[in-house]
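**Student:** Quick one: structure below, then a few questions.
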2 protein chains.
Amino acid sequence: MPHNATWMFSKTCEYAIRAAIFITRESRDGRRVGAKEIADGIDSPVHFIAKILQELSKRGIVQSSKGPTGGFYMDADALGHTLADVVITIDGDSLFKGCVLGLDECSEKKPCPMHFEFKRIRKELHTVLNKTKLGELQDNLDMSTFYLSRR
Amino acid sequence: MPHNATWMFSKTCEYAIRAAIFITRESRDGRRVGAKEIADGIDSPVHFIAKILQELSKRGIVQSSKGPTGGFYMDADALGHTLADVVITIDGDSLFKGCVLGLDECSEKKPCPMHFEFKRIRKELHTVLNKTKLGELQDNLDMSTFYLSRR
DNA sequence: ACAATAAAAGATATTTTTGTCTTTTATTAA
DNA sequence: TTAATAAAAGACAAAAATATCTTTTATTGT
C-alpha cells in the first residue's frame, strides 16, 4: 500500500512552495539566496531544489542570476504571483480541475459520487491559494513567526 | 516534474474508493461481485484491485468469500463504514493530520505559513468523507445516476 | 471424491517520483 | 584576463507506486 506521508501536493511541489516563500522572505531586504542556502532553509536536498528552482525561474516565478553575488530572488513581477501559480507550475492544474476519484470523464453531467461534495472544497482550496500574492505575504510582518524547516 | 494527474488520494486509494462504492451498490440486492467484475465496473487493473480488495477485506471494510458463488460484498457491519475509513485504510490518516507542506514539526505553536489557512479545508474534507456511511449511500436512489468508470 | 470457481498470497516487472553527481555556462571582482 | 562563484543542464541512481503474472488455498455444486 502507498505511503503517501503528505497531502495533496507532490513532494516536489511542497519544496517549491517552501522555497518560494523562503525566497520571498529573504528578498525582502534585497538579498539573493543560493540554492545551498535555500536547501538549508527549507530542509530539502540541495540538488533537487536546484532543479525545481530552474523550473520556477524559467516560468518567471522566481528570478535568478549567475556568478558571484548571484542567486535567487523576487522582483516586483514575481511578487505578484500567488501560491496557486507555484502549484500550477509544478503540479499542473489537476488539483483544481481533475476528478477526485481520478475519472477522466467526470463532469457535471456524468459526475462521480463525490463530485458535488467536493466542489466546495475545491473552490475553497483555489481561493486560499489564489487570494494572497507573495508580495502581500512579504509585507506581512507575521511572516517571521512561521516555520519552513524543522529547526 | 511530477505528473500527479489526480488529486489528494493515491491511485490505489482512488481505486479503493471506487471499488467500495461499486460493491456497496451491487450488494444492494444481495449480489456478490468478483474481482474481475469490479475491475470492469470501475476501470482498474484486475490484479491490482484484487490486491487492494485483500487489504480492504482484511480490515473489514468489505466482506469476501471464496469459491463458486463467492466474491466481495458488504454486510451490515461493512455498510456502517464511511469513505474516510476507506481512505485511512489505504492512505493512512496523513490527509487529515499531516502538514500541507510536508513539515514534520508543523503545529499550532510552530505553524507552517499555510497552517491556519488550511485548517478549515482539512476539517471540511474530514466532514465530507465522514458524514455519509456506505449504507446510507446505498439507500440513496440517486446512486444509479453516478458514474464510476468511463463508459 | 472431484472439478470448477474465486479469493489469498506472493513473486516479479514497469513506471514514476525523488534524489545525487558531474559538467557546462554565465557573471563578478580582482 | 583570470580565478572564483553560482546557476543551468544533463546523466545517472535509488526508492516508491503502480501493474502483471503465477501459485496456493478455500468453497461450492455435482
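Going by the C-alpha cells order, chains are called A, B, ..., each with residues numbered from 1, while ligands are numbered from 1 in the order shown.
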With only C-alpha atoms (C1' of nucleotides) as the counted atoms, please give the residues lying no more than 10 Å from Arg59 of chain B, apart from itself and same-chain residues fewer than 3 positions off, as a VMD selection string.

**Tutor:** chain B and resid 53 to 56 62 to 63 78 85 to 86 89

**Student:** Could you list, as a VMD selection string, every residue within 12 Å of DT25 of chain C, counting only C-alpha atoms (C1' of nucleotides) and ignoring same-chain residues fewer than 6 positions away?

**Tutor:** (chain A and resid 66 to 67) or (chain D and resid 6 to 9)

**Student:** Present chain B as a compact mmCIF listing (two decimals) with N, CA and C atoms, in the first residue's frame, least-squares fitted onto chain A over all of its C-alpha atoms paired in order.

**Tutor:**
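Saved to superposed22.txt:
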```txt
# COMPACT_ATOMS: atom_id res chain seq x y z
N MET B 1 0.86 -1.17 0.03
CA MET B 1 -0.01 0.02 0.03
C MET B 1 0.85 1.29 0.01
N PRO B 2 0.35 2.35 -0.59
CA PRO B 2 1.15 3.57 -0.74
C PRO B 2 1.48 4.18 0.62
N HIS B 3 2.50 4.93 0.64
CA HIS B 3 2.91 5.57 1.87
C HIS B 3 2.32 6.97 1.97
N ASN B 4 2.63 7.79 0.97
CA ASN B 4 1.94 9.07 0.82
C ASN B 4 1.90 9.86 2.12
N ALA B 5 3.08 10.10 2.70
CA ALA B 5 3.13 10.69 4.04
C ALA B 5 2.67 12.14 4.08
N THR B 6 2.21 12.66 2.95
CA THR B 6 1.86 14.07 2.98
C THR B 6 0.42 14.34 2.56
N TRP B 7 0.28 15.40 1.78
CA TRP B 7 -1.03 15.89 1.42
C TRP B 7 -1.08 16.28 -0.02
N MET B 8 -2.05 16.39 -0.61
CA MET B 8 -2.41 16.96 -1.91
C MET B 8 -1.35 17.53 -2.85
N PHE B 9 -0.17 17.89 -2.35
CA PHE B 9 0.88 18.33 -3.26
C PHE B 9 1.95 17.25 -3.39
N SER B 10 2.59 17.20 -4.56
CA SER B 10 3.73 16.30 -4.69
C SER B 10 4.85 16.85 -3.81
N LYS B 11 5.79 15.99 -3.50
CA LYS B 11 6.92 16.42 -2.68
C LYS B 11 7.64 17.57 -3.38
N THR B 12 7.83 17.39 -4.66
CA THR B 12 8.46 18.44 -5.47
C THR B 12 7.76 19.78 -5.26
N CYS B 13 6.43 19.72 -5.26
CA CYS B 13 5.65 20.94 -5.12
C CYS B 13 5.76 21.51 -3.71
N GLU B 14 5.80 20.65 -2.74
CA GLU B 14 5.99 21.12 -1.36
C GLU B 14 7.29 21.91 -1.27
N TYR B 15 8.35 21.33 -1.79
CA TYR B 15 9.64 22.02 -1.79
C TYR B 15 9.53 23.36 -2.50
N ALA B 16 8.86 23.33 -3.64
CA ALA B 16 8.72 24.55 -4.44
C ALA B 16 8.03 25.65 -3.65
N ILE B 17 6.95 25.29 -2.98
CA ILE B 17 6.21 26.28 -2.20
C ILE B 17 7.07 26.82 -1.07
N ARG B 18 7.71 25.90 -0.37
CA ARG B 18 8.56 26.33 0.74
C ARG B 18 9.68 27.24 0.23
N ALA B 19 10.28 26.85 -0.88
CA ALA B 19 11.36 27.67 -1.45
C ALA B 19 10.84 29.04 -1.85
N ALA B 20 9.70 29.07 -2.49
CA ALA B 20 9.14 30.34 -2.94
C ALA B 20 8.92 31.27 -1.75
N ILE B 21 8.36 30.73 -0.69
CA ILE B 21 8.12 31.56 0.49
C ILE B 21 9.44 31.99 1.13
N PHE B 22 10.38 31.07 1.14
CA PHE B 22 11.70 31.39 1.71
C PHE B 22 12.35 32.55 0.94
N ILE B 23 12.35 32.44 -0.36
CA ILE B 23 12.98 33.47 -1.19
C ILE B 23 12.24 34.80 -1.01
N THR B 24 10.92 34.71 -0.97
CA THR B 24 10.12 35.93 -0.74
C THR B 24 10.60 36.62 0.52
N ARG B 25 10.71 35.84 1.56
CA ARG B 25 11.11 36.39 2.85
C ARG B 25 12.51 37.00 2.79
N GLU B 26 13.41 36.26 2.18
CA GLU B 26 14.81 36.71 2.13
C GLU B 26 15.00 37.93 1.24
N SER B 27 14.24 37.98 0.17
CA SER B 27 14.44 39.08 -0.78
C SER B 27 13.76 40.35 -0.30
N ARG B 28 13.23 40.27 0.87
CA ARG B 28 12.56 41.44 1.44
C ARG B 28 13.53 42.62 1.52
N ASP B 29 14.72 42.33 2.02
CA ASP B 29 15.71 43.41 2.06
C ASP B 29 16.76 43.20 0.98
N GLY B 30 16.29 42.85 -0.20
CA GLY B 30 17.16 42.81 -1.37
C GLY B 30 18.16 41.68 -1.42
N ARG B 31 18.10 40.75 -0.50
CA ARG B 31 19.08 39.67 -0.49
C ARG B 31 18.78 38.62 -1.56
N ARG B 32 19.87 38.11 -2.12
CA ARG B 32 19.74 36.98 -3.03
C ARG B 32 20.25 35.74 -2.31
N VAL B 33 19.60 34.63 -2.55
CA VAL B 33 20.02 33.42 -1.84
C VAL B 33 20.36 32.30 -2.81
N GLY B 34 21.43 31.60 -2.51
CA GLY B 34 21.87 30.49 -3.34
C GLY B 34 21.08 29.22 -3.05
N ALA B 35 21.20 28.27 -3.96
CA ALA B 35 20.48 27.01 -3.83
C ALA B 35 20.82 26.33 -2.50
N LYS B 36 22.09 26.37 -2.15
CA LYS B 36 22.53 25.74 -0.91
C LYS B 36 21.81 26.34 0.31
N GLU B 37 21.80 27.65 0.34
CA GLU B 37 21.18 28.35 1.46
C GLU B 37 19.67 28.04 1.54
N ILE B 38 19.06 27.99 0.37
CA ILE B 38 17.64 27.67 0.32
C ILE B 38 17.39 26.25 0.84
N ALA B 39 18.21 25.34 0.34
CA ALA B 39 18.06 23.95 0.77
C ALA B 39 18.17 23.83 2.28
N ASP B 40 19.14 24.53 2.84
CA ASP B 40 19.28 24.53 4.30
C ASP B 40 18.05 25.12 4.97
N GLY B 41 17.59 26.21 4.40
CA GLY B 41 16.48 26.93 5.02
C GLY B 41 15.16 26.19 5.00
N ILE B 42 14.98 25.33 4.02
CA ILE B 42 13.69 24.64 3.92
C ILE B 42 13.81 23.13 4.09
N ASP B 43 14.98 22.66 4.45
CA ASP B 43 15.18 21.22 4.64
C ASP B 43 14.85 20.41 3.40
N SER B 44 15.61 20.63 2.38
CA SER B 44 15.41 19.85 1.16
C SER B 44 16.76 19.46 0.58
N PRO B 45 16.80 18.42 -0.25
CA PRO B 45 18.05 18.05 -0.91
C PRO B 45 18.53 19.18 -1.82
N VAL B 46 19.78 19.55 -1.73
CA VAL B 46 20.30 20.70 -2.48
C VAL B 46 20.06 20.60 -3.97
N HIS B 47 20.53 19.50 -4.55
CA HIS B 47 20.46 19.40 -6.00
C HIS B 47 19.03 19.28 -6.51
N PHE B 48 18.22 18.74 -5.65
CA PHE B 48 16.83 18.57 -6.05
C PHE B 48 16.13 19.93 -6.11
N ILE B 49 16.33 20.71 -5.07
CA ILE B 49 15.70 22.03 -5.06
C ILE B 49 16.29 22.90 -6.17
N ALA B 50 17.56 22.66 -6.49
CA ALA B 50 18.18 23.42 -7.58
C ALA B 50 17.43 23.18 -8.88
N LYS B 51 17.08 21.93 -9.10
CA LYS B 51 16.32 21.58 -10.30
C LYS B 51 14.97 22.25 -10.32
N ILE B 52 14.33 22.23 -9.21
CA ILE B 52 13.00 22.83 -9.10
C ILE B 52 13.09 24.34 -9.33
N LEU B 53 14.12 24.94 -8.77
CA LEU B 53 14.31 26.38 -8.92
C LEU B 53 14.54 26.76 -10.39
N GLN B 54 15.20 25.89 -11.09
CA GLN B 54 15.40 26.11 -12.52
C GLN B 54 14.05 26.29 -13.21
N GLU B 55 13.16 25.39 -12.88
CA GLU B 55 11.82 25.42 -13.47
C GLU B 55 11.06 26.68 -13.05
N LEU B 56 11.11 26.98 -11.78
CA LEU B 56 10.41 28.17 -11.28
C LEU B 56 10.98 29.43 -11.95
N SER B 57 12.29 29.41 -12.14
CA SER B 57 12.95 30.56 -12.75
C SER B 57 12.53 30.71 -14.21
N LYS B 58 12.49 29.57 -14.90
CA LYS B 58 12.09 29.57 -16.31
C LYS B 58 10.71 30.18 -16.49
N ARG B 59 9.82 29.85 -15.54
CA ARG B 59 8.44 30.34 -15.63
C ARG B 59 8.25 31.71 -15.00
N GLY B 60 9.34 32.31 -14.53
CA GLY B 60 9.22 33.65 -13.98
C GLY B 60 8.65 33.72 -12.58
N ILE B 61 8.53 32.58 -11.93
CA ILE B 61 8.02 32.60 -10.56
C ILE B 61 9.07 33.17 -9.62
N VAL B 62 10.33 32.87 -9.92
CA VAL B 62 11.42 33.51 -9.19
C VAL B 62 12.42 34.06 -10.21
N GLN B 63 13.26 34.95 -9.76
CA GLN B 63 14.33 35.44 -10.62
C GLN B 63 15.62 34.79 -10.20
N SER B 64 16.58 34.76 -11.12
CA SER B 64 17.89 34.22 -10.76
C SER B 64 18.99 34.98 -11.49
N SER B 65 20.16 34.98 -10.90
CA SER B 65 21.32 35.53 -11.60
C SER B 65 22.54 34.69 -11.25
N LYS B 66 23.41 34.53 -12.23
CA LYS B 66 24.58 33.67 -12.08
C LYS B 66 25.75 34.42 -11.44
N GLY B 67 26.80 33.69 -11.25
CA GLY B 67 28.05 34.30 -10.78
C GLY B 67 28.04 34.71 -9.32
N PRO B 68 29.18 35.18 -8.86
CA PRO B 68 29.29 35.65 -7.48
C PRO B 68 28.27 36.76 -7.25
N THR B 69 27.78 36.86 -6.07
CA THR B 69 26.69 37.76 -5.69
C THR B 69 25.37 37.35 -6.35
N GLY B 70 25.43 36.29 -7.13
CA GLY B 70 24.21 35.82 -7.77
C GLY B 70 23.38 34.98 -6.82
N GLY B 71 22.27 34.48 -7.35
CA GLY B 71 21.39 33.67 -6.53
C GLY B 71 19.94 33.86 -6.96
N PHE B 72 19.03 33.43 -6.14
CA PHE B 72 17.61 33.55 -6.47
C PHE B 72 16.98 34.69 -5.68
N TYR B 73 16.04 35.34 -6.31
CA TYR B 73 15.37 36.46 -5.64
C TYR B 73 14.03 36.71 -6.33
N MET B 74 13.31 37.70 -5.83
CA MET B 74 12.02 38.04 -6.42
C MET B 74 12.00 39.51 -6.79
N ASP B 75 11.63 39.79 -8.01
CA ASP B 75 11.40 41.18 -8.38
C ASP B 75 9.91 41.48 -8.23
N ALA B 76 9.55 42.70 -8.54
CA ALA B 76 8.16 43.12 -8.35
C ALA B 76 7.19 42.18 -9.08
N ASP B 77 7.55 41.83 -10.29
CA ASP B 77 6.75 40.92 -11.09
C ASP B 77 6.50 39.60 -10.35
N ALA B 78 7.60 39.01 -9.90
CA ALA B 78 7.52 37.72 -9.23
C ALA B 78 6.67 37.81 -7.97
N LEU B 79 6.78 38.93 -7.29
CA LEU B 79 6.01 39.10 -6.05
C LEU B 79 4.51 39.20 -6.31
N GLY B 80 4.17 39.38 -7.56
CA GLY B 80 2.76 39.43 -7.92
C GLY B 80 2.12 38.06 -8.07
N HIS B 81 2.95 37.05 -8.08
CA HIS B 81 2.43 35.70 -8.22
C HIS B 81 1.82 35.18 -6.92
N THR B 82 0.94 34.20 -7.07
CA THR B 82 0.32 33.59 -5.90
C THR B 82 0.86 32.17 -5.70
N LEU B 83 0.51 31.59 -4.59
CA LEU B 83 0.91 30.20 -4.35
C LEU B 83 0.29 29.27 -5.38
N ALA B 84 -0.90 29.64 -5.85
CA ALA B 84 -1.55 28.85 -6.88
C ALA B 84 -0.66 28.78 -8.12
N ASP B 85 -0.01 29.88 -8.44
CA ASP B 85 0.88 29.91 -9.59
C ASP B 85 2.03 28.91 -9.42
N VAL B 86 2.57 28.88 -8.22
CA VAL B 86 3.63 27.93 -7.92
C VAL B 86 3.14 26.50 -8.10
N VAL B 87 2.00 26.23 -7.50
CA VAL B 87 1.43 24.89 -7.57
C VAL B 87 1.19 24.46 -9.01
N ILE B 88 0.58 25.34 -9.77
CA ILE B 88 0.26 25.03 -11.17
C ILE B 88 1.54 24.79 -11.97
N THR B 89 2.56 25.59 -11.70
CA THR B 89 3.83 25.41 -12.41
C THR B 89 4.41 24.02 -12.18
N ILE B 90 4.30 23.54 -10.99
CA ILE B 90 4.93 22.25 -10.66
C ILE B 90 3.98 21.06 -10.84
N ASP B 91 2.80 21.16 -10.28
CA ASP B 91 1.88 20.02 -10.31
C ASP B 91 0.81 20.12 -11.38
N GLY B 92 0.78 21.23 -12.09
CA GLY B 92 -0.28 21.40 -13.07
C GLY B 92 -1.58 21.79 -12.38
N ASP B 93 -2.65 21.85 -13.16
CA ASP B 93 -3.90 22.36 -12.59
C ASP B 93 -4.88 21.27 -12.19
N SER B 94 -4.39 20.03 -12.17
CA SER B 94 -5.31 18.93 -11.86
C SER B 94 -5.93 19.07 -10.47
N LEU B 95 -5.18 19.70 -9.60
CA LEU B 95 -5.69 19.90 -8.24
C LEU B 95 -6.98 20.70 -8.26
N PHE B 96 -7.06 21.63 -9.20
CA PHE B 96 -8.24 22.47 -9.27
C PHE B 96 -9.29 21.96 -10.26
N LYS B 97 -8.84 21.11 -11.17
CA LYS B 97 -9.77 20.70 -12.21
C LYS B 97 -10.11 19.21 -12.23
N GLY B 98 -9.14 18.37 -11.89
CA GLY B 98 -9.34 16.93 -12.03
C GLY B 98 -10.40 16.34 -11.12
N CYS B 99 -10.84 15.15 -11.46
CA CYS B 99 -11.81 14.42 -10.64
C CYS B 99 -11.11 13.85 -9.40
N VAL B 100 -11.78 13.96 -8.27
CA VAL B 100 -11.21 13.43 -7.02
C VAL B 100 -10.93 11.95 -7.11
N LEU B 101 -11.76 11.25 -7.84
CA LEU B 101 -11.59 9.80 -7.94
C LEU B 101 -10.81 9.40 -9.17
N GLY B 102 -10.25 10.38 -9.85
CA GLY B 102 -9.37 10.07 -10.97
C GLY B 102 -10.08 9.67 -12.25
N LEU B 103 -11.37 9.94 -12.35
CA LEU B 103 -12.10 9.57 -13.56
C LEU B 103 -11.93 10.62 -14.64
N ASP B 104 -11.59 10.16 -15.84
CA ASP B 104 -11.39 11.09 -16.94
C ASP B 104 -12.67 11.82 -17.31
N GLU B 105 -13.75 11.08 -17.27
CA GLU B 105 -15.00 11.60 -17.80
C GLU B 105 -15.90 12.27 -16.77
N CYS B 106 -15.40 12.42 -15.58
CA CYS B 106 -16.23 13.01 -14.52
C CYS B 106 -16.59 14.45 -14.87
N SER B 107 -17.88 14.74 -14.76
CA SER B 107 -18.36 16.09 -15.11
C SER B 107 -19.70 16.33 -14.43
N GLU B 108 -20.22 17.50 -14.64
CA GLU B 108 -21.52 17.83 -14.06
C GLU B 108 -22.61 16.86 -14.55
N LYS B 109 -22.43 16.45 -15.81
CA LYS B 109 -23.45 15.58 -16.40
C LYS B 109 -23.24 14.11 -16.04
N LYS B 110 -21.95 13.74 -15.94
CA LYS B 110 -21.63 12.36 -15.54
C LYS B 110 -20.75 12.42 -14.30
N PRO B 111 -21.32 12.81 -13.19
CA PRO B 111 -20.51 13.04 -11.98
C PRO B 111 -20.12 11.74 -11.30
N CYS B 112 -18.94 11.73 -10.71
CA CYS B 112 -18.60 10.63 -9.84
C CYS B 112 -19.34 10.86 -8.53
N PRO B 113 -19.42 9.85 -7.68
CA PRO B 113 -20.22 9.97 -6.46
C PRO B 113 -19.76 11.09 -5.51
N MET B 114 -18.56 11.56 -5.70
CA MET B 114 -18.08 12.60 -4.78
C MET B 114 -18.05 13.98 -5.43
N HIS B 115 -18.43 14.02 -6.68
CA HIS B 115 -18.28 15.25 -7.45
C HIS B 115 -18.84 16.50 -6.77
N PHE B 116 -20.09 16.44 -6.38
CA PHE B 116 -20.72 17.65 -5.86
C PHE B 116 -20.25 18.00 -4.45
N GLU B 117 -20.02 16.97 -3.69
CA GLU B 117 -19.50 17.19 -2.34
C GLU B 117 -18.16 17.94 -2.37
N PHE B 118 -17.36 17.61 -3.35
CA PHE B 118 -16.01 18.18 -3.39
C PHE B 118 -15.91 19.50 -4.13
N LYS B 119 -17.02 19.89 -4.71
CA LYS B 119 -17.00 21.13 -5.44
C LYS B 119 -16.62 22.29 -4.54
N ARG B 120 -17.25 22.34 -3.40
CA ARG B 120 -17.01 23.43 -2.47
C ARG B 120 -15.56 23.41 -1.97
N ILE B 121 -15.11 22.24 -1.62
CA ILE B 121 -13.74 22.10 -1.11
C ILE B 121 -12.73 22.57 -2.13
N ARG B 122 -12.93 22.12 -3.35
CA ARG B 122 -12.02 22.51 -4.42
C ARG B 122 -12.00 24.02 -4.60
N LYS B 123 -13.17 24.60 -4.54
CA LYS B 123 -13.28 26.05 -4.72
C LYS B 123 -12.54 26.79 -3.61
N GLU B 124 -12.78 26.33 -2.40
CA GLU B 124 -12.15 26.95 -1.24
C GLU B 124 -10.64 26.86 -1.34
N LEU B 125 -10.20 25.71 -1.77
CA LEU B 125 -8.79 25.46 -1.95
C LEU B 125 -8.19 26.45 -2.95
N HIS B 126 -8.88 26.60 -4.03
CA HIS B 126 -8.43 27.53 -5.05
C HIS B 126 -8.38 28.95 -4.50
N THR B 127 -9.41 29.30 -3.76
CA THR B 127 -9.46 30.64 -3.15
C THR B 127 -8.28 30.88 -2.24
N VAL B 128 -8.05 29.94 -1.35
CA VAL B 128 -6.95 30.09 -0.39
C VAL B 128 -5.61 30.27 -1.10
N LEU B 129 -5.37 29.47 -2.11
CA LEU B 129 -4.09 29.53 -2.79
C LEU B 129 -3.97 30.74 -3.71
N ASN B 130 -5.10 31.29 -4.06
CA ASN B 130 -5.08 32.40 -5.02
C ASN B 130 -5.16 33.77 -4.39
N LYS B 131 -5.70 33.82 -3.20
CA LYS B 131 -6.04 35.14 -2.68
C LYS B 131 -4.82 35.97 -2.26
N THR B 132 -3.76 35.31 -1.84
CA THR B 132 -2.62 36.09 -1.36
C THR B 132 -1.45 36.06 -2.33
N LYS B 133 -1.01 37.24 -2.72
CA LYS B 133 0.18 37.34 -3.55
C LYS B 133 1.41 37.21 -2.67
N LEU B 134 2.47 36.72 -3.22
CA LEU B 134 3.70 36.58 -2.45
C LEU B 134 4.14 37.93 -1.90
N GLY B 135 3.95 38.97 -2.67
CA GLY B 135 4.31 40.31 -2.21
C GLY B 135 3.55 40.70 -0.96
N GLU B 136 2.28 40.34 -0.92
CA GLU B 136 1.48 40.65 0.27
C GLU B 136 1.97 39.84 1.46
N LEU B 137 2.30 38.61 1.17
CA LEU B 137 2.86 37.75 2.20
C LEU B 137 4.13 38.40 2.74
N GLN B 138 4.87 38.96 1.81
CA GLN B 138 6.12 39.61 2.18
C GLN B 138 5.90 40.80 3.11
N ASP B 139 4.82 41.54 2.83
CA ASP B 139 4.54 42.73 3.63
C ASP B 139 4.09 42.37 5.04
N ASN B 140 3.62 41.15 5.16
CA ASN B 140 3.07 40.72 6.45
C ASN B 140 4.18 40.44 7.45
N LEU B 141 4.23 41.21 8.47
CA LEU B 141 5.30 41.07 9.46
C LEU B 141 5.28 39.72 10.17
N ASP B 142 4.11 39.14 10.28
CA ASP B 142 3.98 37.86 10.97
C ASP B 142 4.80 36.76 10.32
N MET B 143 5.25 37.04 9.13
CA MET B 143 5.98 36.03 8.37
C MET B 143 7.11 35.40 9.19
N SER B 144 7.72 36.22 10.02
CA SER B 144 8.85 35.71 10.79
C SER B 144 8.43 34.68 11.82
N THR B 145 7.15 34.62 12.08
CA THR B 145 6.69 33.65 13.09
C THR B 145 6.32 32.31 12.47
N PHE B 146 6.50 32.22 11.16
CA PHE B 146 6.19 30.95 10.52
C PHE B 146 7.45 30.14 10.22
N TYR B 147 7.28 28.86 10.21
CA TYR B 147 8.42 27.98 10.03
C TYR B 147 8.40 27.31 8.67
N LEU B 148 9.58 27.09 8.14
CA LEU B 148 9.68 26.41 6.85
C LEU B 148 10.56 25.18 6.92
N SER B 149 11.18 24.96 8.06
CA SER B 149 12.01 23.77 8.22
C SER B 149 11.78 23.22 9.61
N ARG B 150 12.50 22.17 9.95
CA ARG B 150 12.24 21.55 11.24
C ARG B 150 12.98 22.19 12.40
N ARG B 151 13.95 23.05 12.06
CA ARG B 151 14.71 23.59 13.19
C ARG B 151 14.10 24.91 13.71
```

**Student:** For the strand (DSSP E) assignment from backbone DSSP, which residues of chain A qualify? Please present them as a PyMOL selection string.

**Tutor:** chain A and resi 63-65+71-73

**Student:** Report as CSV the residues of chain D within 7 Å of chain B, each with its shortest atom pair and distance in Å (one decimal), using only C-alpha atoms (C1' of nucleotides), ordered by chain and increasing residue number.

**Tutor:**
```
residue,atom,partner,partner_atom,distance
D:DA19,C1',B:Phe48,CA,6.5
D:DA26,C1',B:Lys66,CA,6.0
D:DT27,C1',B:Gly67,CA,4.2
D:DT28,C1',B:Pro68,CA,5.4
```

**Student:** Kindly give the distance, in Å, that separates atom C1' of DA6 of chain C and atom C1' of DT23 of chain D, rounded to a single decimal.

**Tutor:**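 Taking atom C1' of DA6 of chain C and atom C1' of DT23 of chain D, their separation equals 13.9 Å.
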
**Student:** Please indicate the distance in Å from atom C1' of DA14 of chain D to atom C1' of DT24 of chain C, rounded to one decimal place.

**Tutor:**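 One can read the atom C1' of DA14 of chain D to atom C1' of DT24 of chain C distance as 25.4 Å.
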
**Student:** Please identify every residue of chain C that has at least one atom no more than 10 Å from any atom of chain A, counting only C-alpha atoms (C1' of nucleotides), and report them as a list in words.

**Tutor:**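 Residues of chain C within 10 Å of chain A, counting only C-alpha atoms (C1' of nucleotides): DT17, DT18, DG19, DT20, DC21, DT25, DA26, DT27, DT28 and DA29 of chain C.
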
**Student:** With N, CA and C atoms (P, O5', C5', C4', C3', O3' and C1' of nucleotides) retained, could you export that selection as a CSV table (one decimal), in the first residue's frame?

**Tutor:**
```csv
chain,number,residue,atom,x,y,z
C,17,DT,P,5.0,11.1,-11.8
C,17,DT,O5',5.9,11.2,-10.4
C,17,DT,C5',5.5,10.3,-9.3
C,17,DT,C4',6.6,10.4,-8.3
C,17,DT,C3',7.2,11.7,-8.0
C,17,DT,O3',7.0,11.9,-6.6
C,17,DT,C1',8.9,10.2,-8.4
C,18,DT,P,7.5,13.3,-5.8
C,18,DT,O5',9.0,12.9,-5.4
C,18,DT,C5',9.2,11.8,-4.5
C,18,DT,C4',10.7,11.6,-4.4
C,18,DT,C3',11.5,12.8,-4.0
C,18,DT,O3',12.1,12.5,-2.8
C,18,DT,C1',12.6,11.6,-5.7
C,19,DG,P,13.1,13.6,-2.0
C,19,DG,O5',14.5,13.2,-2.6
C,19,DG,C5',15.1,11.9,-2.3
C,19,DG,C4',16.4,11.7,-3.0
C,19,DG,C3',17.4,12.8,-2.7
C,19,DG,O3',18.5,12.2,-2.1
C,19,DG,C1',17.4,12.3,-5.0
C,20,DT,P,19.8,13.1,-1.8
C,20,DT,O5',20.8,12.8,-3.0
C,20,DT,C5',21.2,11.5,-3.2
C,20,DT,C4',22.2,11.4,-4.4
C,20,DT,C3',23.4,12.4,-4.2
C,20,DT,O3',24.6,11.6,-4.3
C,20,DT,C1',22.5,12.5,-6.4
C,21,DC,P,26.0,12.2,-3.9
C,21,DC,O5',26.7,12.4,-5.4
C,21,DC,C5',26.6,11.3,-6.3
C,21,DC,C4',27.0,11.9,-7.7
C,21,DC,C3',28.2,12.8,-7.6
C,21,DC,O3',29.3,12.3,-8.4
C,21,DC,C1',26.5,13.7,-9.0
C,25,DT,P,29.2,24.8,-22.7
C,25,DT,O5',28.5,26.1,-21.9
C,25,DT,C5',27.1,26.1,-21.7
C,25,DT,C4',26.8,27.3,-20.8
C,25,DT,C3',27.4,28.6,-21.3
C,25,DT,O3',26.3,29.5,-21.4
C,25,DT,C1',27.8,28.3,-19.0
C,26,DA,P,26.6,31.0,-22.0
C,26,DA,O5',26.5,32.0,-20.8
C,26,DA,C5',25.3,32.0,-20.0
C,26,DA,C4',25.6,32.7,-18.7
C,26,DA,C3',26.1,34.1,-18.9
C,26,DA,O3',25.2,34.9,-18.1
C,26,DA,C1',27.4,32.9,-17.3
C,27,DT,P,25.3,36.5,-18.2
C,27,DT,O5',26.2,36.9,-16.9
C,27,DT,C5',25.6,36.6,-15.6
C,27,DT,C4',26.7,36.8,-14.6
C,27,DT,C3',27.3,38.2,-14.6
C,27,DT,O3',26.9,38.9,-13.4
C,27,DT,C1',28.9,36.6,-14.2
C,28,DT,P,27.1,40.5,-13.2
C,28,DT,O5',28.3,40.5,-12.2
C,28,DT,C5',28.1,39.7,-11.0
C,28,DT,C4',29.5,39.6,-10.4
C,28,DT,C3',30.3,40.9,-10.3
C,28,DT,O3',30.3,41.3,-8.9
C,28,DT,C1',31.7,39.0,-11.0
C,29,DA,P,30.9,42.7,-8.5
C,29,DA,O5',32.4,42.4,-8.0
C,29,DA,C5',32.6,41.2,-7.2
C,29,DA,C4',34.1,41.0,-7.1
C,29,DA,C3',34.9,42.2,-6.9
C,29,DA,O3',35.9,41.9,-6.0
C,29,DA,C1',35.6,41.1,-8.8
```

**Student:** Check the DSSP output for the backbone and give back, as a VMD selection string, the residues of chain A in helix (DSSP H, G or I).

**Tutor:** chain A and resid 11 to 29 35 to 42 46 to 58 76 to 79 83 to 91 94 to 97 115 to 131 134 to 139 141 to 145

**Student:** Just to confirm, what's the straight-line distance from atom C1' of DT18 of chain D to atom C1' of DA13 of chain C in Å (one decimal)?

**Tutor:**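 Between atom C1' of DT18 of chain D and atom C1' of DA13 of chain C the gap is 10.4 Å.
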